[in-house]
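K.L.:
The following file, structure.tsv, comprises TSV, C-alpha atoms:
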chain	number	residue	atom	x	y	z
A	1	MET	CA	-68.42	-43.83	-73.90
A	2	THR	CA	-71.24	-45.11	-71.72
A	3	ARG	CA	-69.62	-43.45	-68.75
A	4	VAL	CA	-69.23	-40.19	-70.64
A	5	ALA	CA	-72.88	-40.26	-71.73
A	6	LEU	CA	-74.12	-41.02	-68.24
A	7	LEU	CA	-71.90	-38.34	-66.75
A	8	SER	CA	-73.16	-35.70	-69.16
A	9	ILE	CA	-76.79	-36.65	-68.49
A	10	ALA	CA	-76.19	-36.43	-64.74
A	11	LEU	CA	-74.39	-33.09	-65.05
A	12	LEU	CA	-77.03	-31.60	-67.31
A	13	SER	CA	-79.93	-32.69	-65.15
A	14	LEU	CA	-78.39	-31.33	-61.94
A	15	PRO	CA	-79.28	-27.65	-62.36
A	16	ALA	CA	-82.65	-28.55	-63.90
A	17	MET	CA	-83.56	-30.50	-60.79
A	18	SER	CA	-82.45	-27.81	-58.40
A	19	ALA	CA	-84.02	-24.94	-60.41
A	20	PRO	CA	-86.87	-23.14	-58.68
A	21	ALA	CA	-90.20	-23.34	-60.50
A	22	GLU	CA	-91.41	-19.82	-59.68
A	23	PRO	CA	-90.36	-16.85	-61.81
A	24	PRO	CA	-87.43	-14.81	-60.54
A	25	PRO	CA	-88.14	-11.75	-58.41
A	26	SER	CA	-86.75	-9.52	-61.18
A	27	ALA	CA	-89.79	-10.36	-63.34
A	28	SER	CA	-91.91	-7.87	-61.39
A	29	ARG	CA	-92.75	-4.50	-62.92
A	30	ALA	CA	-89.88	-2.06	-62.61
A	31	GLY	CA	-90.28	0.03	-59.48
A	32	ALA	CA	-88.24	3.14	-58.74
A	33	PRO	CA	-85.35	3.88	-61.10
A	34	ARG	CA	-82.13	2.39	-59.76
A	35	GLY	CA	-79.68	4.27	-61.96
A	36	ALA	CA	-78.93	7.85	-62.92
A	37	PRO	CA	-80.98	9.48	-65.71
A	38	LEU	CA	-79.02	9.49	-68.97
A	39	SER	CA	-78.94	12.06	-71.76
A	40	GLY	CA	-77.02	13.03	-74.88
A	41	PRO	CA	-74.54	10.67	-76.56
A	42	GLU	CA	-74.42	8.43	-73.50
A	43	LEU	CA	-78.17	7.87	-73.78
A	44	ASP	CA	-77.83	6.97	-77.48
A	45	ALA	CA	-75.03	4.52	-76.79
A	46	ARG	CA	-76.81	2.84	-73.88
A	47	THR	CA	-80.06	2.62	-75.91
A	48	ASP	CA	-78.17	0.67	-78.56
A	49	GLU	CA	-76.49	-1.54	-75.96
A	50	VAL	CA	-79.71	-2.43	-74.15
A	51	GLY	CA	-81.59	-2.78	-77.47
A	52	ALA	CA	-78.98	-5.32	-78.57
A	53	LEU	CA	-79.95	-7.49	-75.59
A	54	LEU	CA	-83.65	-7.48	-76.54
A	55	ARG	CA	-85.14	-9.77	-79.16
A	56	CYS	CA	-87.40	-8.11	-81.71
A	57	PRO	CA	-90.62	-10.15	-81.30
A	58	VAL	CA	-91.64	-9.94	-84.96
A	59	CYS	CA	-88.22	-10.73	-86.47
A	60	GLN	CA	-86.18	-13.86	-87.03
A	61	GLY	CA	-83.39	-13.72	-84.48
A	62	LEU	CA	-82.79	-9.99	-84.74
A	63	SER	CA	-82.22	-7.68	-81.82
A	64	VAL	CA	-84.27	-4.55	-81.27
A	65	SER	CA	-81.20	-2.46	-82.14
A	66	ASP	CA	-80.66	-4.29	-85.43
A	67	SER	CA	-84.24	-4.51	-86.66
A	68	PRO	CA	-85.83	-1.86	-88.88
A	69	SER	CA	-89.39	-3.03	-88.00
A	70	SER	CA	-91.80	-0.57	-86.48
A	71	MET	CA	-92.26	-2.76	-83.42
A	72	ALA	CA	-88.52	-2.76	-82.79
A	73	ARG	CA	-88.48	1.00	-83.23
A	74	ASN	CA	-91.26	1.34	-80.67
A	75	MET	CA	-89.40	-0.93	-78.26
A	76	LYS	CA	-86.21	1.01	-78.77
A	77	ALA	CA	-88.06	4.26	-78.05
A	78	GLU	CA	-89.31	2.72	-74.82
A	79	VAL	CA	-85.80	1.61	-73.86
A	80	ARG	CA	-84.61	5.15	-74.52
A	81	ASP	CA	-87.36	6.70	-72.40
A	82	LYS	CA	-86.63	4.32	-69.54
A	83	LEU	CA	-82.88	4.99	-69.65
A	84	ALA	CA	-83.60	8.72	-69.71
A	85	ALA	CA	-85.78	8.24	-66.63
A	86	GLY	CA	-82.93	6.49	-64.84
A	87	TYR	CA	-83.94	2.84	-65.04
A	88	ASP	CA	-80.99	0.47	-65.23
A	89	GLN	CA	-80.43	-2.28	-67.79
A	90	GLU	CA	-81.74	-5.11	-65.63
A	91	GLN	CA	-84.90	-3.18	-64.73
A	92	ILE	CA	-85.60	-2.53	-68.41
A	93	LEU	CA	-84.94	-6.12	-69.48
A	94	ALA	CA	-87.11	-7.40	-66.62
A	95	ASP	CA	-89.90	-5.09	-67.68
A	96	PHE	CA	-89.91	-6.45	-71.23
A	97	GLU	CA	-89.61	-9.98	-69.85
A	98	HIS	CA	-92.74	-9.32	-67.80
A	99	SER	CA	-94.70	-8.80	-71.04
A	100	TYR	CA	-92.99	-11.16	-73.48
A	101	GLY	CA	-91.44	-13.78	-71.26
A	102	GLU	CA	-87.80	-14.78	-71.22
A	103	PHE	CA	-88.01	-15.16	-75.01
A	104	VAL	CA	-87.35	-11.43	-75.29
A	105	ARG	CA	-83.89	-11.71	-73.74
A	106	LEU	CA	-81.27	-12.46	-76.37
A	107	LYS	CA	-78.85	-13.44	-73.60
A	108	PRO	CA	-80.69	-15.94	-71.40
A	109	THR	CA	-80.14	-15.67	-67.66
A	110	LEU	CA	-78.26	-18.45	-65.87
A	111	ARG	CA	-81.11	-20.38	-64.34
A	112	GLY	CA	-83.02	-23.64	-64.79
A	113	VAL	CA	-82.77	-25.24	-68.23
A	114	ASN	CA	-80.68	-22.30	-69.42
A	115	TRP	CA	-77.65	-24.01	-67.91
A	116	LEU	CA	-77.94	-26.32	-70.91
A	117	VAL	CA	-77.65	-23.39	-73.30
A	118	TRP	CA	-74.61	-21.99	-71.52
A	119	PHE	CA	-72.70	-25.15	-70.68
A	120	GLY	CA	-74.22	-27.81	-72.96
A	121	PRO	CA	-71.87	-27.08	-75.88
A	122	LEU	CA	-68.83	-27.07	-73.57
A	123	LEU	CA	-69.90	-30.39	-72.07
A	124	ALA	CA	-70.49	-31.83	-75.53
A	125	LEU	CA	-66.99	-30.66	-76.54
A	126	ILE	CA	-65.41	-32.29	-73.48
A	127	ALA	CA	-67.40	-35.50	-74.05
A	128	GLY	CA	-66.36	-35.53	-77.70
A	129	ALA	CA	-62.71	-34.97	-76.84
A	130	ALA	CA	-62.88	-37.75	-74.24
A	131	LEU	CA	-64.47	-40.05	-76.79
A	132	ILE	CA	-61.79	-39.35	-79.40
A	133	ALA	CA	-59.03	-39.74	-76.80
A	134	SER	CA	-60.38	-43.10	-75.66
A	135	LYS	CA	-60.74	-44.31	-79.26
A	136	LEU	CA	-57.17	-43.28	-80.09
A	137	LYS	CA	-55.87	-44.95	-76.95
A	138	ARG	CA	-57.72	-48.17	-77.69
A	139	SER	CA	-56.54	-48.45	-81.28
A	140	GLY	CA	-52.99	-47.92	-79.92
A	141	SER	CA	-51.89	-46.13	-83.03
A	142	GLY	CA	-49.89	-42.98	-82.83
A	143	PRO	CA	-49.23	-40.58	-85.64
A	144	ASP	CA	-46.95	-43.17	-87.34
A	145	ALA	CA	-50.03	-45.19	-88.21
A	146	LEU	CA	-51.11	-42.49	-90.60
A	147	PRO	CA	-50.09	-43.04	-94.24
A	148	ALA	CA	-46.85	-41.21	-95.06
A	149	PRO	CA	-47.47	-38.11	-97.11
A	150	ARG	CA	-46.20	-38.26	-100.69
A	151	SER	CA	-43.04	-36.26	-101.11
A	152	ALA	CA	-43.03	-33.56	-103.75
A	153	ALA	CA	-40.01	-35.14	-105.43
A	154	ALA	CA	-42.04	-38.20	-106.26
A	155	VAL	CA	-44.17	-36.20	-108.68
A	156	ASP	CA	-42.87	-36.68	-112.24
A	157	VAL	CA	-41.90	-33.47	-113.91
A	158	PRO	CA	-41.34	-34.02	-117.63
A	159	ASP	CA	-37.97	-33.00	-118.98
A	160	ARG	CA	-38.10	-29.78	-120.99
A	161	GLY	CA	-36.87	-31.56	-124.08
A	162	THR	CA	-39.57	-34.24	-123.93
A	163	LEU	CA	-41.63	-34.66	-127.08
A	164	PRO	CA	-44.95	-36.39	-127.65
A	165	ASP	CA	-45.05	-39.73	-129.43
A	166	ASP	CA	-47.12	-38.43	-132.31
A	167	PRO	CA	-44.55	-37.37	-134.97
A	168	ARG	CA	-46.74	-34.53	-136.24
A	169	LEU	CA	-47.24	-33.11	-132.76
A	170	ALA	CA	-43.54	-33.56	-132.02
A	171	GLU	CA	-42.63	-31.63	-135.16
A	172	ALA	CA	-45.03	-28.83	-134.25
A	173	MET	CA	-43.60	-28.58	-130.74
A	174	ARG	CA	-40.07	-28.42	-132.09
A	175	ARG	CA	-41.06	-25.52	-134.33
A	176	VAL	CA	-42.81	-23.73	-131.47
A	177	ARG	CA	-39.76	-24.19	-129.23
A	178	GLU	CA	-37.49	-22.91	-131.99
A	179	LEU	CA	-39.65	-19.81	-132.44
A	180	ALA	CA	-40.35	-19.19	-128.77
A	181	TYR	CA	-36.99	-19.97	-127.20
A	182	GLY	CA	-34.67	-19.64	-130.20
A	183	TRP	CA	-33.44	-23.21	-129.78
A	184	PRO	CA	-32.00	-24.44	-133.07
A	185	GLY	CA	-34.20	-27.27	-134.33
A	186	GLY	CA	-36.38	-26.88	-131.22
A	187	VAL	CA	-33.88	-28.83	-129.12
A	188	PRO	CA	-32.91	-27.37	-125.72
A	189	PRO	CA	-29.20	-26.47	-125.78
A	190	LYS	CA	-28.19	-28.67	-122.82
A	191	ALA	CA	-30.38	-31.59	-123.80
A	192	GLY	CA	-29.14	-31.21	-127.33
A	193	ALA	CA	-25.50	-31.30	-126.13
A	194	SER	CA	-26.03	-34.43	-124.08
A	195	ALA	CA	-28.08	-36.17	-126.81
B	1	MET	CA	-66.53	-73.64	-90.93
B	2	PRO	CA	-65.99	-69.89	-91.21
B	3	THR	CA	-69.75	-69.30	-90.92
B	4	ALA	CA	-69.90	-71.29	-87.70
B	5	ALA	CA	-66.95	-69.36	-86.26
B	6	SER	CA	-68.43	-65.98	-87.10
B	7	SER	CA	-71.85	-66.88	-85.72
B	8	GLU	CA	-70.20	-67.91	-82.47
B	9	ALA	CA	-68.19	-64.72	-82.20
B	10	ALA	CA	-70.96	-62.34	-83.30
B	11	PRO	CA	-73.47	-62.28	-80.38
B	12	PRO	CA	-71.25	-60.82	-77.60
B	13	ARG	CA	-69.84	-58.18	-79.96
B	14	SER	CA	-73.22	-57.04	-81.31
B	15	SER	CA	-74.84	-56.94	-77.85
B	16	ARG	CA	-72.01	-54.73	-76.59
B	17	ILE	CA	-72.48	-52.29	-79.46
B	18	ASN	CA	-76.23	-52.26	-78.96
B	19	LYS	CA	-75.89	-51.27	-75.31
B	20	ARG	CA	-73.63	-48.33	-76.14
B	21	VAL	CA	-75.81	-47.18	-79.01
B	22	LEU	CA	-78.84	-47.54	-76.78
B	23	VAL	CA	-77.39	-45.30	-74.04
B	24	ALA	CA	-76.17	-42.68	-76.51
B	25	GLY	CA	-79.45	-42.79	-78.43
B	26	ALA	CA	-81.50	-42.51	-75.26
B	27	ALA	CA	-79.44	-39.52	-74.12
B	28	ILE	CA	-80.36	-37.74	-77.36
B	29	VAL	CA	-83.89	-38.95	-77.98
B	30	LEU	CA	-85.41	-39.02	-74.46
B	31	PRO	CA	-85.19	-35.25	-73.83
B	32	LEU	CA	-86.75	-34.63	-77.25
B	33	ILE	CA	-89.61	-37.03	-76.47
B	34	ALA	CA	-90.08	-35.34	-73.09
B	35	VAL	CA	-90.45	-31.94	-74.78
B	36	LEU	CA	-92.87	-33.41	-77.33
B	37	VAL	CA	-95.03	-35.09	-74.68
B	38	ALA	CA	-95.06	-31.96	-72.51
B	39	ASN	CA	-96.42	-29.93	-75.41
B	40	LEU	CA	-98.83	-32.44	-76.92
B	41	GLY	CA	-102.43	-31.35	-76.92
B	42	ARG	CA	-101.53	-27.69	-76.67
B	43	ASP	CA	-103.54	-25.39	-78.88
B	44	PRO	CA	-100.93	-23.34	-80.73
B	45	HIS	CA	-103.30	-20.37	-80.60
B	46	MET	CA	-103.28	-20.50	-76.80
B	47	VAL	CA	-99.92	-18.87	-76.36
B	48	ARG	CA	-98.67	-19.04	-72.81
B	49	SER	CA	-98.23	-15.39	-72.05
B	50	PRO	CA	-96.33	-14.54	-68.88
B	51	LEU	CA	-99.14	-12.04	-68.24
B	52	VAL	CA	-101.83	-14.71	-67.86
B	53	GLY	CA	-102.91	-14.74	-64.22
B	54	ARG	CA	-101.43	-11.29	-63.62
B	55	PRO	CA	-103.09	-7.86	-63.50
B	56	ALA	CA	-103.62	-6.37	-66.95
B	57	PRO	CA	-101.15	-3.56	-67.71
B	58	PRO	CA	-102.89	-0.20	-67.26
B	59	PHE	CA	-103.36	2.20	-70.18
B	60	SER	CA	-104.97	5.47	-71.09
B	61	LEU	CA	-105.63	5.75	-74.81
B	62	GLN	CA	-107.44	8.11	-77.13
B	63	PRO	CA	-110.58	6.65	-78.76
B	64	VAL	CA	-110.78	6.51	-82.55
B	65	GLY	CA	-112.49	9.72	-83.67
B	66	GLY	CA	-111.51	11.62	-80.52
B	67	GLY	CA	-112.99	12.02	-77.06
B	68	ALA	CA	-111.91	11.48	-73.48
B	69	PRO	CA	-109.06	8.97	-72.99
B	70	VAL	CA	-110.16	5.42	-72.27
B	71	ARG	CA	-108.55	3.97	-69.16
B	72	LEU	CA	-108.29	0.34	-68.14
B	73	GLU	CA	-109.50	1.09	-64.61
B	74	SER	CA	-112.81	2.39	-65.95
B	75	PHE	CA	-113.75	-1.18	-66.97
B	76	ARG	CA	-113.12	-2.66	-63.53
B	77	GLY	CA	-116.12	-4.65	-62.28
B	78	LYS	CA	-117.02	-6.53	-65.47
B	79	PRO	CA	-115.20	-8.89	-67.79
B	80	LEU	CA	-113.19	-7.14	-70.49
B	81	VAL	CA	-112.12	-8.40	-73.91
B	82	ILE	CA	-109.24	-6.42	-75.43
B	83	ASN	CA	-108.67	-7.09	-79.12
B	84	PHE	CA	-105.48	-5.79	-80.75
B	85	TRP	CA	-106.19	-5.25	-84.44
B	86	ALA	CA	-105.42	-3.21	-87.55
B	87	THR	CA	-107.18	-2.45	-90.84
B	88	TRP	CA	-104.24	-3.90	-92.81
B	89	CYS	CA	-104.63	-7.27	-91.10
B	90	VAL	CA	-106.74	-9.78	-93.02
B	91	PRO	CA	-107.49	-12.13	-90.07
B	92	CYS	CA	-108.70	-9.05	-88.11
B	93	PHE	CA	-111.10	-8.31	-90.94
B	94	GLU	CA	-112.31	-11.93	-90.76
B	95	GLU	CA	-112.91	-11.94	-87.02
B	96	HIS	CA	-114.57	-8.52	-86.90
B	97	PRO	CA	-118.16	-9.85	-87.44
B	98	ALA	CA	-117.70	-12.48	-84.69
B	99	LEU	CA	-116.45	-9.88	-82.22
B	100	THR	CA	-119.23	-7.45	-83.11
B	101	ALA	CA	-121.88	-10.16	-82.75
B	102	ALA	CA	-120.38	-11.26	-79.42
B	103	ALA	CA	-120.34	-7.68	-78.13
B	104	ARG	CA	-124.00	-7.30	-79.06
B	105	GLY	CA	-124.94	-10.66	-77.55
B	106	LEU	CA	-123.02	-10.20	-74.30
B	107	PRO	CA	-124.03	-6.83	-72.85
B	108	ASP	CA	-122.44	-7.64	-69.47
B	109	VAL	CA	-119.01	-7.96	-71.10
B	110	GLN	CA	-117.00	-4.93	-72.26
B	111	PHE	CA	-115.23	-5.26	-75.62
B	112	LEU	CA	-112.43	-2.89	-76.59
B	113	GLY	CA	-110.37	-2.71	-79.77
B	114	VAL	CA	-106.77	-1.43	-79.58
B	115	VAL	CA	-105.57	-0.30	-82.99
B	116	TYR	CA	-102.06	-1.56	-83.67
B	117	GLU	CA	-99.75	0.37	-86.01
B	118	ASP	CA	-102.42	1.96	-88.13
B	119	GLU	CA	-103.68	5.41	-89.10
B	120	GLU	CA	-106.68	6.90	-87.35
B	121	ALA	CA	-108.37	8.08	-90.56
B	122	ARG	CA	-108.16	4.64	-92.13
B	123	THR	CA	-109.44	3.02	-88.93
B	124	GLN	CA	-112.34	5.44	-88.79
B	125	ALA	CA	-113.28	4.68	-92.39
B	126	PHE	CA	-113.09	0.95	-91.70
B	127	LEU	CA	-115.36	1.22	-88.66
B	128	LYS	CA	-117.82	3.45	-90.52
B	129	GLU	CA	-118.04	0.95	-93.37
B	130	ARG	CA	-118.61	-2.06	-91.10
B	131	SER	CA	-120.69	-1.53	-88.03
B	132	SER	CA	-118.97	-1.99	-84.71
B	133	ALA	CA	-120.59	-2.59	-81.35
B	134	TYR	CA	-117.67	-1.53	-79.17
B	135	PRO	CA	-115.11	1.28	-78.98
B	136	SER	CA	-111.62	1.16	-80.45
B	137	VAL	CA	-108.67	3.17	-79.18
B	138	MET	CA	-105.46	4.29	-80.87
B	139	ASP	CA	-102.06	3.06	-79.63
B	140	PRO	CA	-99.88	5.48	-81.61
B	141	ASP	CA	-96.42	4.50	-80.36
B	142	GLY	CA	-97.32	0.87	-79.67
B	143	ARG	CA	-96.59	1.20	-75.94
B	144	THR	CA	-99.75	-0.59	-74.88
B	145	ALA	CA	-99.09	-3.40	-77.36
B	146	ILE	CA	-95.59	-3.79	-75.92
B	147	ALA	CA	-96.90	-3.76	-72.34
B	148	TYR	CA	-99.30	-6.56	-73.30
B	149	GLY	CA	-96.54	-8.52	-75.03
B	150	VAL	CA	-98.24	-8.38	-78.42
B	151	PHE	CA	-96.33	-10.11	-81.22
B	152	GLY	CA	-98.74	-9.31	-84.03
B	153	VAL	CA	-102.41	-8.86	-84.79
B	154	PRO	CA	-104.96	-10.13	-84.06
B	155	GLU	CA	-104.30	-10.95	-80.43
B	156	THR	CA	-107.08	-10.91	-77.85
B	157	PHE	CA	-106.89	-10.72	-74.07
B	158	PHE	CA	-109.69	-11.91	-71.79
B	159	ILE	CA	-109.68	-10.03	-68.49
B	160	ASP	CA	-111.82	-10.79	-65.46
B	161	ALA	CA	-113.83	-8.29	-63.39
B	162	GLU	CA	-110.83	-7.77	-61.05
B	163	GLY	CA	-108.62	-6.71	-63.95
B	164	ARG	CA	-106.62	-9.94	-64.12
B	165	ILE	CA	-105.68	-11.46	-67.50
B	166	VAL	CA	-107.35	-14.87	-67.71
B	167	GLU	CA	-106.47	-15.85	-71.27
B	168	LYS	CA	-104.63	-14.66	-74.32
B	169	PHE	CA	-105.71	-15.78	-77.79
B	170	VAL	CA	-103.56	-15.41	-80.90
B	171	GLY	CA	-105.23	-15.40	-84.31
B	172	PRO	CA	-108.74	-14.79	-85.58
B	173	LEU	CA	-111.50	-15.54	-83.09
B	174	GLN	CA	-114.72	-17.38	-83.76
B	175	ARG	CA	-117.99	-16.86	-82.00
B	176	SER	CA	-117.75	-20.16	-80.07
B	177	THR	CA	-114.21	-19.46	-78.89
B	178	ILE	CA	-115.20	-16.00	-77.70
B	179	ALA	CA	-118.09	-17.48	-75.70
B	180	GLU	CA	-115.83	-20.10	-74.15
B	181	LEU	CA	-113.10	-17.65	-73.18
B	182	VAL	CA	-115.57	-15.04	-71.91
B	183	ALA	CA	-117.03	-17.74	-69.66
B	184	ARG	CA	-113.56	-18.24	-68.23
B	185	ALA	CA	-113.17	-14.51	-67.67
B	186	ARG	CA	-116.54	-14.50	-65.91
B	187	GLY	CA	-115.49	-17.36	-63.66
B	188	GLY	CA	-112.47	-15.43	-62.44
B	189	ARG	CA	-109.25	-17.37	-62.38
B	190	PRO	CA	-108.97	-20.28	-64.84
What's the structure tokens form of this structure?

P.N.:
Amino acid sequence: MTRVALLSIALLSLPAMSAPAEPPPSASRAGAPRGAPLSGPELDARTDEVGALLRCPVCQGLSVSDSPSSMARNMKAEVRDKLAAGYDQEQILADFEHSYGEFVRLKPTLRGVNWLVWFGPLLALIAGAALIASKLKRSGSGPDALPAPRSAAAVDVPDRGTLPDDPRLAEAMRRVRELAYGWPGGVPPKAGASA
Amino acid sequence: MPTAASSEAAPPRSSRINKRVLVAGAAIVLPLIAVLVANLGRDPHMVRSPLVGRPAPPFSLQPVGGGAPVRLESFRGKPLVINFWATWCVPCFEEHPALTAAARGLPDVQFLGVVYEDEEARTQAFLKERSSAYPSVMDPDGRTAIAYGVFGVPETFFIDAEGRIVEKFVGPLQRSTIAELVARARGGRP
């Protein structure tokens, strides 16, 4: 376990150490449009797609496409205008990032500490699996060590002719059985034959 | 006898467990402490905007009550304080006297209000009711607010004479804070 912990620390700190401190070049204001101007249904669809990648700054974890707030509507209108002018997705996201910081991206880019976000859970899963595997190996117990499941046959099913000990209750049940099933005297035919 | 046996056997076992727990605990706790230490002493109102240290985004906005559009470039050459506000915002209402007093007391500094998601008529009534010492402009589709990375109101940007954002302040301003941040805008880069 110590080895696993040390390994995960080392792995996680690797990209953080090698990450450049300066902001990426894409954080500059969008220059000339890099894509083709969009219009019609394609523009609507792309507006929704790009809006889904932008965090609404005034909401709790909602994208610009999903939020009904006026700020999100304004941002969506800006996305639409930029797509119509021919700016591509990365240019638009970078432009919003320039104002709001990386916070505004709902899908963080693969750089610096973000490696943790992308690969941390996977590493934790692998470390957890390794831990469980080593524990199982050490205890040396396979599946046979588990308690045997109770078979269904072991459960007691009362015989249909069974009667309670209380004579009054027993009498009542006999009458009910006679009425309900037509058994003479409330005794099941087979049980009655064997009795 | 059994007590003696267990006390003899216990130390190596417990020290082994402690070492493992220590490593696992440190792996979890140390990064958290690092984040805490890195952010200690930070004023939560001093939000680190990616725009701080960069040129202020340009704009051309209509003043409240009409007139020629107000452009950012026209303020070049003296410190500028841009206050994003709205009449529906209570903290904006609270900071209004401080901003007005500061604008009157600092004639070499330009103050500008940018109205955020509000109606012009209501803004005009508000400004008529309470005196104001500086112009306010309308930002009808919120484009300027977005360009400045505004999350809500009030937010105030302190811009130096070269048009570079020196500081961003979130929340209602007080007279002393305005003076302090204006001094930074006067001194150029922080």

K.L.:
Hey, can you check how far CA of Ile178 in chain B sits from CA of Arg42 in chain B?

P.N.:
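These two atoms are separated by 18.0 Å.
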
K.L.:
Would you please work out which residue, of A:Asp81, A:Asp88, A:Glu178, A:Asp165, is nearest to chain B when using only C-alpha atoms?

P.N.:
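Of A:Asp81, A:Asp88, A:Glu178, A:Asp165, the one nearest chain B, counting only C-alpha atoms, is A:Asp81.
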
K.L.:
Counting all atoms listed in the file, which residues from chain B have an atom at most 9 Å from any atom of chain A, and could you show them as a list in words?

P.N.:
Lys19, Arg20, Val21, Val23, Ala24, Ala27, Ser49, Pro50, Leu51, Pro57, Glu117, Asp141, Gly142, Arg143, Ile146, Ala147, Tyr148, Gly149, Val150, Phe151 and Gly152 of chain B

K.L.:
Using CA of Leu53 in chain A and CA of Lys107 in chain A as the two end points, give the distance in Å to one decimal.

P.N.:
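One can read the CA of Leu53 in chain A to CA of Lys107 in chain A distance as 6.4 Å.
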
K.L.:
Please list as JSON, numbers by chain every residue within 12 Å of Glu120 in chain B, counting only C-alpha atoms and excluding residues in the same chain fewer than 2 positions away.

P.N.:
{"B": [62, 63, 64, 65, 66, 86, 87, 114, 115, 116, 117, 118, 122, 123, 124, 125, 126, 127, 136, 137, 138, 139, 140]}
